[in-house]
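Chemist: Contents of query.cif (mmCIF, N, CA and C atoms) are below:
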data_protein
loop_
_atom_site.label_atom_id
_atom_site.label_comp_id
_atom_site.auth_asym_id
_atom_site.auth_seq_id
_atom_site.Cartn_x
_atom_site.Cartn_y
_atom_site.Cartn_z
N MET A 18 0.85 -1.18 0.00
CA MET A 18 0.00 0.00 0.00
C MET A 18 0.89 1.23 0.00
N ASN A 19 0.51 2.22 -0.80
CA ASN A 19 1.23 3.48 -0.86
C ASN A 19 0.23 4.61 -0.67
N ILE A 20 0.18 5.16 0.53
CA ILE A 20 -0.74 6.26 0.82
C ILE A 20 -0.08 7.56 0.39
N ASN A 21 -0.78 8.32 -0.44
CA ASN A 21 -0.22 9.55 -0.99
C ASN A 21 -0.37 10.75 -0.07
N LYS A 22 -1.55 10.91 0.53
CA LYS A 22 -1.82 12.08 1.35
C LYS A 22 -3.15 11.88 2.07
N ILE A 23 -3.48 12.76 2.97
CA ILE A 23 -4.81 12.77 3.59
C ILE A 23 -5.76 13.39 2.58
N HIS A 24 -6.85 12.71 2.29
CA HIS A 24 -7.82 13.23 1.31
C HIS A 24 -8.80 14.21 1.96
N HIS A 25 -9.39 13.82 3.10
CA HIS A 25 -10.34 14.70 3.76
C HIS A 25 -10.44 14.36 5.24
N VAL A 26 -11.02 15.28 5.98
CA VAL A 26 -11.34 15.10 7.39
C VAL A 26 -12.85 15.27 7.50
N ALA A 27 -13.52 14.37 8.19
CA ALA A 27 -14.98 14.43 8.35
C ALA A 27 -15.33 14.93 9.75
N ILE A 28 -16.27 15.85 9.80
CA ILE A 28 -16.71 16.43 11.07
C ILE A 28 -18.23 16.33 11.12
N ILE A 29 -18.76 15.86 12.26
CA ILE A 29 -20.21 15.81 12.48
C ILE A 29 -20.57 16.99 13.37
N CYS A 30 -21.56 17.75 12.95
CA CYS A 30 -21.97 18.93 13.71
C CYS A 30 -23.37 18.74 14.29
N SER A 31 -23.70 19.56 15.28
CA SER A 31 -25.03 19.46 15.89
C SER A 31 -26.02 20.41 15.23
N ASP A 32 -25.56 21.55 14.73
CA ASP A 32 -26.43 22.52 14.06
C ASP A 32 -25.80 22.83 12.71
N TYR A 33 -26.35 22.26 11.68
CA TYR A 33 -25.76 22.34 10.35
C TYR A 33 -25.57 23.79 9.87
N GLU A 34 -26.60 24.61 9.99
CA GLU A 34 -26.51 25.99 9.48
C GLU A 34 -25.46 26.80 10.23
N VAL A 35 -25.37 26.61 11.55
CA VAL A 35 -24.37 27.33 12.35
C VAL A 35 -22.96 26.90 11.94
N SER A 36 -22.75 25.59 11.81
CA SER A 36 -21.43 25.10 11.43
C SER A 36 -21.08 25.45 9.99
N LYS A 37 -22.05 25.39 9.11
CA LYS A 37 -21.81 25.79 7.72
C LYS A 37 -21.35 27.25 7.66
N ASP A 38 -22.02 28.12 8.40
CA ASP A 38 -21.63 29.53 8.46
C ASP A 38 -20.22 29.68 9.02
N PHE A 39 -19.90 28.96 10.08
CA PHE A 39 -18.58 29.04 10.71
C PHE A 39 -17.48 28.64 9.74
N TYR A 40 -17.63 27.49 9.12
CA TYR A 40 -16.56 26.97 8.25
C TYR A 40 -16.45 27.74 6.92
N THR A 41 -17.54 28.33 6.45
CA THR A 41 -17.47 29.07 5.19
C THR A 41 -17.22 30.56 5.41
N ASN A 42 -17.97 31.19 6.29
CA ASN A 42 -17.85 32.64 6.47
C ASN A 42 -16.80 33.07 7.47
N ILE A 43 -16.58 32.29 8.53
CA ILE A 43 -15.55 32.65 9.52
C ILE A 43 -14.18 32.16 9.05
N LEU A 44 -14.08 30.86 8.71
CA LEU A 44 -12.79 30.32 8.29
C LEU A 44 -12.52 30.48 6.79
N GLY A 45 -13.56 30.75 6.02
CA GLY A 45 -13.37 31.06 4.61
C GLY A 45 -13.19 29.89 3.67
N PHE A 46 -13.62 28.69 4.07
CA PHE A 46 -13.50 27.54 3.18
C PHE A 46 -14.57 27.59 2.09
N GLU A 47 -14.18 27.20 0.89
CA GLU A 47 -15.06 27.23 -0.27
C GLU A 47 -15.91 25.96 -0.34
N ILE A 48 -17.20 26.12 -0.66
CA ILE A 48 -18.09 24.97 -0.82
C ILE A 48 -17.82 24.31 -2.17
N VAL A 49 -17.56 23.00 -2.13
CA VAL A 49 -17.36 22.21 -3.34
C VAL A 49 -18.69 21.57 -3.75
N ALA A 50 -19.38 20.99 -2.76
CA ALA A 50 -20.66 20.33 -3.02
C ALA A 50 -21.47 20.29 -1.72
N GLU A 51 -22.79 20.31 -1.88
CA GLU A 51 -23.69 20.22 -0.74
C GLU A 51 -24.87 19.34 -1.13
N VAL A 52 -25.12 18.32 -0.34
CA VAL A 52 -26.24 17.43 -0.63
C VAL A 52 -27.01 17.14 0.66
N TYR A 53 -28.32 16.93 0.49
CA TYR A 53 -29.15 16.47 1.59
C TYR A 53 -29.53 15.03 1.29
N ARG A 54 -29.24 14.14 2.23
CA ARG A 54 -29.54 12.72 2.06
C ARG A 54 -30.80 12.40 2.88
N GLU A 55 -31.92 12.38 2.19
CA GLU A 55 -33.22 12.20 2.84
C GLU A 55 -33.27 10.93 3.69
N GLU A 56 -32.76 9.82 3.15
CA GLU A 56 -32.82 8.54 3.87
C GLU A 56 -32.08 8.57 5.20
N ARG A 57 -31.11 9.48 5.34
CA ARG A 57 -30.35 9.59 6.59
C ARG A 57 -30.69 10.86 7.36
N ARG A 58 -31.58 11.69 6.78
CA ARG A 58 -31.91 13.00 7.36
C ARG A 58 -30.62 13.75 7.69
N SER A 59 -29.74 13.79 6.70
CA SER A 59 -28.38 14.27 6.92
C SER A 59 -27.90 15.13 5.76
N TYR A 60 -27.25 16.24 6.11
CA TYR A 60 -26.54 17.05 5.12
C TYR A 60 -25.10 16.58 5.04
N LYS A 61 -24.51 16.73 3.86
CA LYS A 61 -23.07 16.51 3.65
C LYS A 61 -22.57 17.69 2.86
N LEU A 62 -21.64 18.41 3.44
CA LEU A 62 -21.07 19.60 2.82
C LEU A 62 -19.58 19.37 2.60
N ASP A 63 -19.13 19.42 1.35
CA ASP A 63 -17.71 19.28 1.04
C ASP A 63 -17.11 20.67 0.94
N LEU A 64 -16.07 20.89 1.72
CA LEU A 64 -15.41 22.19 1.77
C LEU A 64 -13.97 22.08 1.29
N LYS A 65 -13.58 23.01 0.48
CA LYS A 65 -12.23 23.04 -0.09
C LYS A 65 -11.30 23.81 0.85
N VAL A 66 -10.20 23.15 1.25
CA VAL A 66 -9.16 23.77 2.05
C VAL A 66 -7.93 23.87 1.16
N ASN A 67 -7.67 25.00 0.59
CA ASN A 67 -6.69 25.24 -0.47
C ASN A 67 -6.94 24.25 -1.61
N ASP A 68 -5.94 23.90 -2.36
CA ASP A 68 -6.15 22.98 -3.49
C ASP A 68 -5.78 21.54 -3.17
N THR A 69 -5.48 21.26 -1.91
CA THR A 69 -4.99 19.93 -1.56
C THR A 69 -5.93 19.15 -0.67
N TYR A 70 -6.62 19.81 0.25
CA TYR A 70 -7.39 19.11 1.28
C TYR A 70 -8.86 19.45 1.21
N GLN A 71 -9.64 18.65 1.94
CA GLN A 71 -11.08 18.84 1.96
C GLN A 71 -11.62 18.48 3.35
N ILE A 72 -12.63 19.20 3.78
CA ILE A 72 -13.37 18.86 5.01
C ILE A 72 -14.77 18.45 4.58
N GLU A 73 -15.24 17.35 5.13
CA GLU A 73 -16.63 16.93 4.93
C GLU A 73 -17.37 17.26 6.22
N LEU A 74 -18.37 18.11 6.12
CA LEU A 74 -19.18 18.49 7.26
C LEU A 74 -20.51 17.75 7.17
N PHE A 75 -20.82 16.97 8.20
CA PHE A 75 -22.04 16.16 8.23
C PHE A 75 -22.97 16.64 9.33
N SER A 76 -24.27 16.48 9.10
CA SER A 76 -25.26 16.65 10.16
C SER A 76 -26.03 15.34 10.26
N PHE A 77 -26.28 14.91 11.47
CA PHE A 77 -27.10 13.73 11.73
C PHE A 77 -28.05 14.06 12.87
N PRO A 78 -29.22 13.46 12.90
CA PRO A 78 -30.13 13.71 14.02
C PRO A 78 -29.53 13.18 15.32
N ASN A 79 -29.48 14.01 16.32
CA ASN A 79 -29.06 13.64 17.68
C ASN A 79 -27.71 12.92 17.76
N PRO A 80 -26.63 13.49 17.24
CA PRO A 80 -25.33 12.83 17.39
C PRO A 80 -24.88 12.88 18.86
N PRO A 81 -24.16 11.87 19.32
CA PRO A 81 -23.70 11.89 20.72
C PRO A 81 -22.71 13.01 20.94
N LYS A 82 -22.69 13.54 22.15
CA LYS A 82 -21.78 14.62 22.51
C LYS A 82 -20.35 14.09 22.64
N ARG A 83 -19.38 14.97 22.48
CA ARG A 83 -17.98 14.66 22.70
C ARG A 83 -17.80 14.47 24.21
N PRO A 84 -17.23 13.33 24.65
CA PRO A 84 -17.18 13.05 26.09
C PRO A 84 -16.27 13.98 26.90
N THR A 85 -15.12 14.36 26.35
CA THR A 85 -14.21 15.27 27.04
C THR A 85 -13.54 16.14 26.00
N ASN A 86 -12.88 17.15 26.47
CA ASN A 86 -12.23 18.07 25.54
C ASN A 86 -10.84 18.40 26.04
N PRO A 87 -9.75 18.23 25.35
CA PRO A 87 -9.66 17.63 24.03
C PRO A 87 -9.24 16.17 24.07
N GLU A 88 -9.12 15.59 25.24
CA GLU A 88 -8.58 14.24 25.31
C GLU A 88 -9.63 13.14 25.17
N ALA A 89 -10.54 13.30 24.23
CA ALA A 89 -11.52 12.26 23.92
C ALA A 89 -10.86 11.23 23.01
N LEU A 90 -11.32 10.01 23.07
CA LEU A 90 -10.81 8.97 22.19
C LEU A 90 -11.12 9.34 20.75
N GLY A 91 -10.17 9.17 19.88
CA GLY A 91 -10.38 9.51 18.47
C GLY A 91 -9.66 10.80 18.12
N LEU A 92 -10.23 11.55 17.20
CA LEU A 92 -9.61 12.79 16.74
C LEU A 92 -9.46 13.76 17.90
N ARG A 93 -8.24 14.17 18.18
CA ARG A 93 -8.00 15.10 19.28
C ARG A 93 -8.28 16.53 18.86
N HIS A 94 -7.73 16.92 17.73
CA HIS A 94 -8.00 18.25 17.18
C HIS A 94 -7.61 18.28 15.72
N LEU A 95 -8.00 19.35 15.05
CA LEU A 95 -7.68 19.57 13.65
C LEU A 95 -6.85 20.84 13.59
N ALA A 96 -5.67 20.78 12.95
CA ALA A 96 -4.76 21.92 12.92
C ALA A 96 -4.67 22.49 11.51
N PHE A 97 -4.66 23.83 11.44
CA PHE A 97 -4.52 24.55 10.18
C PHE A 97 -3.23 25.36 10.22
N GLU A 98 -2.44 25.26 9.17
CA GLU A 98 -1.21 26.05 9.08
C GLU A 98 -1.54 27.44 8.57
N VAL A 99 -0.93 28.45 9.20
CA VAL A 99 -1.08 29.83 8.75
C VAL A 99 0.30 30.47 8.64
N ASP A 100 0.40 31.50 7.81
CA ASP A 100 1.68 32.21 7.67
C ASP A 100 1.95 33.14 8.85
N ASN A 101 0.89 33.81 9.34
CA ASN A 101 1.05 34.77 10.43
C ASN A 101 -0.03 34.50 11.46
N ILE A 102 0.35 33.92 12.57
CA ILE A 102 -0.63 33.52 13.57
C ILE A 102 -1.28 34.72 14.25
N GLN A 103 -0.52 35.78 14.49
CA GLN A 103 -1.09 36.96 15.15
C GLN A 103 -2.20 37.57 14.29
N SER A 104 -1.96 37.67 13.00
CA SER A 104 -2.96 38.20 12.08
C SER A 104 -4.20 37.31 12.04
N ALA A 105 -4.00 35.99 12.02
CA ALA A 105 -5.13 35.05 11.99
C ALA A 105 -5.94 35.14 13.27
N VAL A 106 -5.27 35.26 14.41
CA VAL A 106 -5.97 35.37 15.69
C VAL A 106 -6.78 36.66 15.73
N GLU A 107 -6.20 37.76 15.28
CA GLU A 107 -6.92 39.03 15.27
C GLU A 107 -8.17 38.95 14.39
N GLU A 108 -8.07 38.26 13.26
CA GLU A 108 -9.22 38.10 12.37
C GLU A 108 -10.33 37.30 13.05
N LEU A 109 -9.95 36.22 13.74
CA LEU A 109 -10.96 35.42 14.47
C LEU A 109 -11.61 36.24 15.58
N LEU A 110 -10.80 36.98 16.33
CA LEU A 110 -11.34 37.81 17.41
C LEU A 110 -12.31 38.86 16.88
N GLU A 111 -11.97 39.46 15.74
CA GLU A 111 -12.87 40.45 15.12
C GLU A 111 -14.20 39.83 14.72
N LYS A 112 -14.21 38.53 14.45
CA LYS A 112 -15.43 37.83 14.06
C LYS A 112 -16.14 37.20 15.26
N GLY A 113 -15.67 37.54 16.47
CA GLY A 113 -16.33 37.08 17.69
C GLY A 113 -15.96 35.67 18.14
N ILE A 114 -14.87 35.13 17.63
CA ILE A 114 -14.43 33.79 18.01
C ILE A 114 -13.43 33.89 19.16
N GLU A 115 -13.68 33.14 20.23
CA GLU A 115 -12.74 33.11 21.35
C GLU A 115 -11.53 32.28 20.97
N VAL A 116 -10.35 32.81 21.27
CA VAL A 116 -9.09 32.16 20.92
C VAL A 116 -8.20 32.12 22.16
N GLU A 117 -7.56 30.99 22.39
CA GLU A 117 -6.62 30.90 23.51
C GLU A 117 -5.40 31.78 23.23
N ASN A 118 -4.62 32.05 24.26
CA ASN A 118 -3.37 32.79 24.08
C ASN A 118 -2.43 32.02 23.17
N ILE A 119 -1.66 32.74 22.40
CA ILE A 119 -0.66 32.12 21.53
C ILE A 119 0.45 31.54 22.40
N ARG A 120 0.82 30.30 22.10
CA ARG A 120 1.90 29.62 22.83
C ARG A 120 3.00 29.25 21.84
N VAL A 121 4.12 28.78 22.37
CA VAL A 121 5.23 28.32 21.53
C VAL A 121 5.48 26.85 21.84
N ASP A 122 5.50 26.03 20.79
CA ASP A 122 5.78 24.60 20.94
C ASP A 122 7.24 24.45 21.36
N PRO A 123 7.50 23.85 22.54
CA PRO A 123 8.88 23.76 23.03
C PRO A 123 9.78 22.85 22.18
N PHE A 124 9.19 22.00 21.37
CA PHE A 124 9.99 21.09 20.55
C PHE A 124 10.31 21.66 19.16
N THR A 125 9.36 22.43 18.60
CA THR A 125 9.57 22.97 17.24
C THR A 125 9.86 24.46 17.24
N ASP A 126 9.61 25.11 18.38
CA ASP A 126 9.77 26.56 18.52
C ASP A 126 8.80 27.32 17.62
N LYS A 127 7.69 26.70 17.24
CA LYS A 127 6.66 27.32 16.39
C LYS A 127 5.50 27.81 17.27
N LYS A 128 4.86 28.90 16.83
CA LYS A 128 3.72 29.45 17.55
C LYS A 128 2.44 28.69 17.17
N PHE A 129 1.55 28.53 18.17
CA PHE A 129 0.27 27.87 17.94
C PHE A 129 -0.76 28.36 18.94
N THR A 130 -2.02 28.11 18.62
CA THR A 130 -3.12 28.42 19.52
C THR A 130 -4.32 27.56 19.15
N PHE A 131 -5.31 27.54 20.04
CA PHE A 131 -6.52 26.76 19.81
C PHE A 131 -7.75 27.67 19.88
N PHE A 132 -8.80 27.26 19.16
CA PHE A 132 -10.10 27.90 19.23
C PHE A 132 -11.14 26.83 18.91
N PRO A 133 -12.37 26.98 19.41
CA PRO A 133 -13.39 25.94 19.18
C PRO A 133 -14.25 26.22 17.96
N ASP A 134 -14.74 25.14 17.34
CA ASP A 134 -15.78 25.31 16.32
C ASP A 134 -17.11 25.42 17.08
N PRO A 135 -18.24 25.58 16.41
CA PRO A 135 -19.51 25.76 17.13
C PRO A 135 -19.89 24.61 18.06
N ASP A 136 -19.35 23.40 17.83
CA ASP A 136 -19.65 22.27 18.71
C ASP A 136 -18.55 22.00 19.72
N GLY A 137 -17.56 22.88 19.79
CA GLY A 137 -16.49 22.70 20.75
C GLY A 137 -15.34 21.84 20.25
N LEU A 138 -15.35 21.44 18.98
CA LEU A 138 -14.23 20.68 18.44
C LEU A 138 -13.00 21.58 18.47
N PRO A 139 -11.93 21.13 19.10
CA PRO A 139 -10.73 21.97 19.16
C PRO A 139 -10.07 22.11 17.78
N LEU A 140 -9.90 23.35 17.35
CA LEU A 140 -9.20 23.66 16.12
C LEU A 140 -7.92 24.40 16.48
N GLU A 141 -6.86 24.10 15.78
CA GLU A 141 -5.57 24.70 16.08
C GLU A 141 -5.07 25.52 14.90
N LEU A 142 -4.45 26.65 15.21
CA LEU A 142 -3.69 27.40 14.22
C LEU A 142 -2.22 27.18 14.55
N TYR A 143 -1.44 26.83 13.53
CA TYR A 143 -0.02 26.53 13.72
C TYR A 143 0.76 27.37 12.72
N GLU A 144 1.65 28.23 13.23
CA GLU A 144 2.37 29.13 12.33
C GLU A 144 3.45 28.41 11.56
N LYS A 145 3.50 28.68 10.29
CA LYS A 145 4.45 28.06 9.34
C LYS A 145 5.88 28.35 9.74
#
Could you write out this structure as structure tokens?

Modeler:
Amino acid sequence: MNINKIHHVAIICSDYEVSKDFYTNILGFEIVAEVYREERRSYKLDLKVNDTYQIELFSFPNPPKRPTNPEALGLRHLAFEVDNIQSAVEELLEKGIEVENIRVDPFTDKKFTFFPDPDGLPLELYEK
């Protein structure tokens, strides 16, 4: 087997319209496709993250809550690389998003911070 790259990350949200607004209007991801699957009472929204990656945003009726934050079993967090973390944080703050203080990774000496999506999924900004 030869794995080339990560194709997409799938996220289940509790309020589809709120999360759709967050990922498109706050984070600026472009919509590739949007479908409603009647048999599952579920939306699937494909979002373009630059020209390499994709996020699939799903809605399902009554999904279980995340048991702890961020040390739940499974996906711990999703990290996005940015060129200037201070500028990115200021943009999020201007849009009303709470952001943790910027820290420095002691192993890489790179700046990073966390902020939540509408369901509390930890998202990270990591400076290039």

Chemist: Assuming the chain letters and numbering stay as they are in my file, what does the PyMOL selection byres ((chain A and resi 100-108) around 7) actually select? List them as a list in words.

Modeler: Glu98, Val99, Leu109, Leu110, Glu111, Lys112, Gly113, Ile114, Val116, Lys128, Leu142, Tyr143, Glu144 and Lys145 of chain A

Chemist: Quick one: write out the picked residues with N, CA and C atoms as a PDB file, keeping the file's coordinate frame?

Modeler:
ATOM      1  N   GLU A  98      -2.440  25.260   9.170  1.00  0.00           N
ATOM      2  CA  GLU A  98      -1.210  26.050   9.080  1.00  0.00           C
ATOM      3  C   GLU A  98      -1.540  27.440   8.570  1.00  0.00           C
ATOM      4  N   VAL A  99      -0.930  28.450   9.200  1.00  0.00           N
ATOM      5  CA  VAL A  99      -1.080  29.830   8.750  1.00  0.00           C
ATOM      6  C   VAL A  99       0.300  30.470   8.640  1.00  0.00           C
ATOM      7  N   LEU A 109      -9.950  36.220  13.740  1.00  0.00           N
ATOM      8  CA  LEU A 109     -10.960  35.420  14.470  1.00  0.00           C
ATOM      9  C   LEU A 109     -11.610  36.240  15.580  1.00  0.00           C
ATOM     10  N   LEU A 110     -10.800  36.980  16.330  1.00  0.00           N
ATOM     11  CA  LEU A 110     -11.340  37.810  17.410  1.00  0.00           C
ATOM     12  C   LEU A 110     -12.310  38.860  16.880  1.00  0.00           C
ATOM     13  N   GLU A 111     -11.970  39.460  15.740  1.00  0.00           N
ATOM     14  CA  GLU A 111     -12.870  40.450  15.120  1.00  0.00           C
ATOM     15  C   GLU A 111     -14.200  39.830  14.720  1.00  0.00           C
ATOM     16  N   LYS A 112     -14.210  38.530  14.450  1.00  0.00           N
ATOM     17  CA  LYS A 112     -15.430  37.830  14.060  1.00  0.00           C
ATOM     18  C   LYS A 112     -16.140  37.200  15.260  1.00  0.00           C
ATOM     19  N   GLY A 113     -15.670  37.540  16.470  1.00  0.00           N
ATOM     20  CA  GLY A 113     -16.330  37.080  17.690  1.00  0.00           C
ATOM     21  C   GLY A 113     -15.960  35.670  18.140  1.00  0.00           C
ATOM     22  N   ILE A 114     -14.870  35.130  17.630  1.00  0.00           N
ATOM     23  CA  ILE A 114     -14.430  33.790  18.010  1.00  0.00           C
ATOM     24  C   ILE A 114     -13.430  33.890  19.160  1.00  0.00           C
ATOM     25  N   VAL A 116     -10.350  32.810  21.270  1.00  0.00           N
ATOM     26  CA  VAL A 116      -9.090  32.160  20.920  1.00  0.00           C
ATOM     27  C   VAL A 116      -8.200  32.120  22.160  1.00  0.00           C
ATOM     28  N   LYS A 128       4.860  28.900  16.830  1.00  0.00           N
ATOM     29  CA  LYS A 128       3.720  29.450  17.550  1.00  0.00           C
ATOM     30  C   LYS A 128       2.440  28.690  17.170  1.00  0.00           C
ATOM     31  N   LEU A 142      -4.450  26.650  15.210  1.00  0.00           N
ATOM     32  CA  LEU A 142      -3.690  27.400  14.220  1.00  0.00           C
ATOM     33  C   LEU A 142      -2.220  27.180  14.550  1.00  0.00           C
ATOM     34  N   TYR A 143      -1.440  26.830  13.530  1.00  0.00           N
ATOM     35  CA  TYR A 143      -0.020  26.530  13.720  1.00  0.00           C
ATOM     36  C   TYR A 143       0.760  27.370  12.720  1.00  0.00           C
ATOM     37  N   GLU A 144       1.650  28.230  13.230  1.00  0.00           N
ATOM     38  CA  GLU A 144       2.370  29.130  12.330  1.00  0.00           C
ATOM     39  C   GLU A 144       3.450  28.410  11.560  1.00  0.00           C
ATOM     40  N   LYS A 145       3.500  28.680  10.290  1.00  0.00           N
ATOM     41  CA  LYS A 145       4.450  28.060   9.340  1.00  0.00           C
ATOM     42  C   LYS A 145       5.880  28.350   9.740  1.00  0.00           C
TER      43      LYS A 145
END

Chemist: Just the number, please: distance in Å from CA of Val26 (chain A) to atom C of Asn67 (chain A), one decimal.

Modeler: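 It comes out at 13.6 Å.
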
Chemist: Quick one: distance from CA of His25 (chain A) to CA of Lys65 (chain A) in Å, one decimal?

Modeler: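 Between CA of His25 (chain A) and CA of Lys65 (chain A) the gap is 9.4 Å.
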
Chemist: Between A:Phe124, A:Phe39, A:Phe97, A:Phe77, which has the minimum distance to Arg58 (chain A) (counting all atoms listed in the file)?

Modeler: A:Phe77

Chemist: Please indicate the distance in Å from atom C of His24 (chain A) to atom C of Gln71 (chain A), rounded to one decimal place.

Modeler: 5.3 Å

Chemist: Please expand the PyMOL selection byres ((chain A and resi 30) around 5) into the concrete residues it hits in this file, giving the result as a list of chain:residue names.

Modeler: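 So the PyMOL selection byres ((chain A and resi 30) around 5) ends up selecting A:Ile28, A:Ile29, A:Ser31, A:Asp32, A:Phe75, A:Ser76.
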
Chemist: Residues of region 84-141 of chain A classed as strand (DSSP E) by DSSP on the backbone are to be reported as a ChimeraX atom specification.

Modeler: /A:95-99,120-121,128-133,139-141

Chemist: Output: region 56-80 of chain A of the preceding structure, restricted to N, CA and C atoms, written as an mmCIF file, in the first residue's frame.

Modeler:
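Result file is selection_15.cif:
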data_model
loop_
_atom_site.group_PDB
_atom_site.id
_atom_site.type_symbol
_atom_site.label_atom_id
_atom_site.label_comp_id
_atom_site.auth_asym_id
_atom_site.auth_seq_id
_atom_site.Cartn_x
_atom_site.Cartn_y
_atom_site.Cartn_z
ATOM 1 N N GLU A 56 -32.761 9.818 3.148
ATOM 2 C CA GLU A 56 -32.824 8.540 3.868
ATOM 3 C C GLU A 56 -32.082 8.572 5.196
ATOM 4 N N ARG A 57 -31.113 9.481 5.343
ATOM 5 C CA ARG A 57 -30.348 9.592 6.591
ATOM 6 C C ARG A 57 -30.693 10.860 7.360
ATOM 7 N N ARG A 58 -31.584 11.690 6.780
ATOM 8 C CA ARG A 58 -31.908 13.001 7.358
ATOM 9 C C ARG A 58 -30.619 13.754 7.688
ATOM 10 N N SER A 59 -29.741 13.786 6.696
ATOM 11 C CA SER A 59 -28.385 14.270 6.920
ATOM 12 C C SER A 59 -27.898 15.135 5.762
ATOM 13 N N TYR A 60 -27.250 16.240 6.114
ATOM 14 C CA TYR A 60 -26.539 17.045 5.123
ATOM 15 C C TYR A 60 -25.098 16.578 5.042
ATOM 16 N N LYS A 61 -24.509 16.728 3.855
ATOM 17 C CA LYS A 61 -23.074 16.506 3.655
ATOM 18 C C LYS A 61 -22.572 17.688 2.856
ATOM 19 N N LEU A 62 -21.637 18.406 3.435
ATOM 20 C CA LEU A 62 -21.074 19.599 2.815
ATOM 21 C C LEU A 62 -19.579 19.371 2.604
ATOM 22 N N ASP A 63 -19.133 19.416 1.349
ATOM 23 C CA ASP A 63 -17.711 19.277 1.042
ATOM 24 C C ASP A 63 -17.110 20.666 0.940
ATOM 25 N N LEU A 64 -16.066 20.893 1.717
ATOM 26 C CA LEU A 64 -15.408 22.192 1.773
ATOM 27 C C LEU A 64 -13.974 22.083 1.288
ATOM 28 N N LYS A 65 -13.577 23.012 0.475
ATOM 29 C CA LYS A 65 -12.233 23.041 -0.090
ATOM 30 C C LYS A 65 -11.298 23.807 0.851
ATOM 31 N N VAL A 66 -10.197 23.146 1.245
ATOM 32 C CA VAL A 66 -9.158 23.775 2.052
ATOM 33 C C VAL A 66 -7.929 23.866 1.156
ATOM 34 N N ASN A 67 -7.671 25.000 0.587
ATOM 35 C CA ASN A 67 -6.690 25.235 -0.474
ATOM 36 C C ASN A 67 -6.937 24.246 -1.607
ATOM 37 N N ASP A 68 -5.937 23.896 -2.358
ATOM 38 C CA ASP A 68 -6.153 22.982 -3.488
ATOM 39 C C ASP A 68 -5.783 21.544 -3.173
ATOM 40 N N THR A 69 -5.483 21.256 -1.909
ATOM 41 C CA THR A 69 -4.987 19.934 -1.555
ATOM 42 C C THR A 69 -5.935 19.145 -0.669
ATOM 43 N N TYR A 70 -6.619 19.812 0.247
ATOM 44 C CA TYR A 70 -7.386 19.114 1.276
ATOM 45 C C TYR A 70 -8.864 19.452 1.210
ATOM 46 N N GLN A 71 -9.640 18.649 1.938
ATOM 47 C CA GLN A 71 -11.080 18.844 1.965
ATOM 48 C C GLN A 71 -11.616 18.480 3.349
ATOM 49 N N ILE A 72 -12.631 19.198 3.783
ATOM 50 C CA ILE A 72 -13.365 18.860 5.006
ATOM 51 C C ILE A 72 -14.767 18.453 4.584
ATOM 52 N N GLU A 73 -15.242 17.351 5.128
ATOM 53 C CA GLU A 73 -16.627 16.934 4.934
ATOM 54 C C GLU A 73 -17.374 17.258 6.221
ATOM 55 N N LEU A 74 -18.370 18.111 6.116
ATOM 56 C CA LEU A 74 -19.183 18.486 7.264
ATOM 57 C C LEU A 74 -20.509 17.747 7.172
ATOM 58 N N PHE A 75 -20.821 16.969 8.197
ATOM 59 C CA PHE A 75 -22.043 16.162 8.228
ATOM 60 C C PHE A 75 -22.966 16.638 9.331
ATOM 61 N N SER A 76 -24.265 16.476 9.100
ATOM 62 C CA SER A 76 -25.257 16.647 10.162
ATOM 63 C C SER A 76 -26.025 15.341 10.264
ATOM 64 N N PHE A 77 -26.283 14.913 11.474
ATOM 65 C CA PHE A 77 -27.104 13.725 11.731
ATOM 66 C C PHE A 77 -28.053 14.062 12.866
ATOM 67 N N PRO A 78 -29.216 13.462 12.898
ATOM 68 C CA PRO A 78 -30.127 13.713 14.015
ATOM 69 C C PRO A 78 -29.529 13.181 15.322
ATOM 70 N N ASN A 79 -29.477 14.011 16.324
ATOM 71 C CA ASN A 79 -29.059 13.641 17.680
ATOM 72 C C ASN A 79 -27.713 12.919 17.764
ATOM 73 N N PRO A 80 -26.635 13.492 17.245
ATOM 74 C CA PRO A 80 -25.335 12.832 17.392
ATOM 75 C C PRO A 80 -24.884 12.877 18.856
#
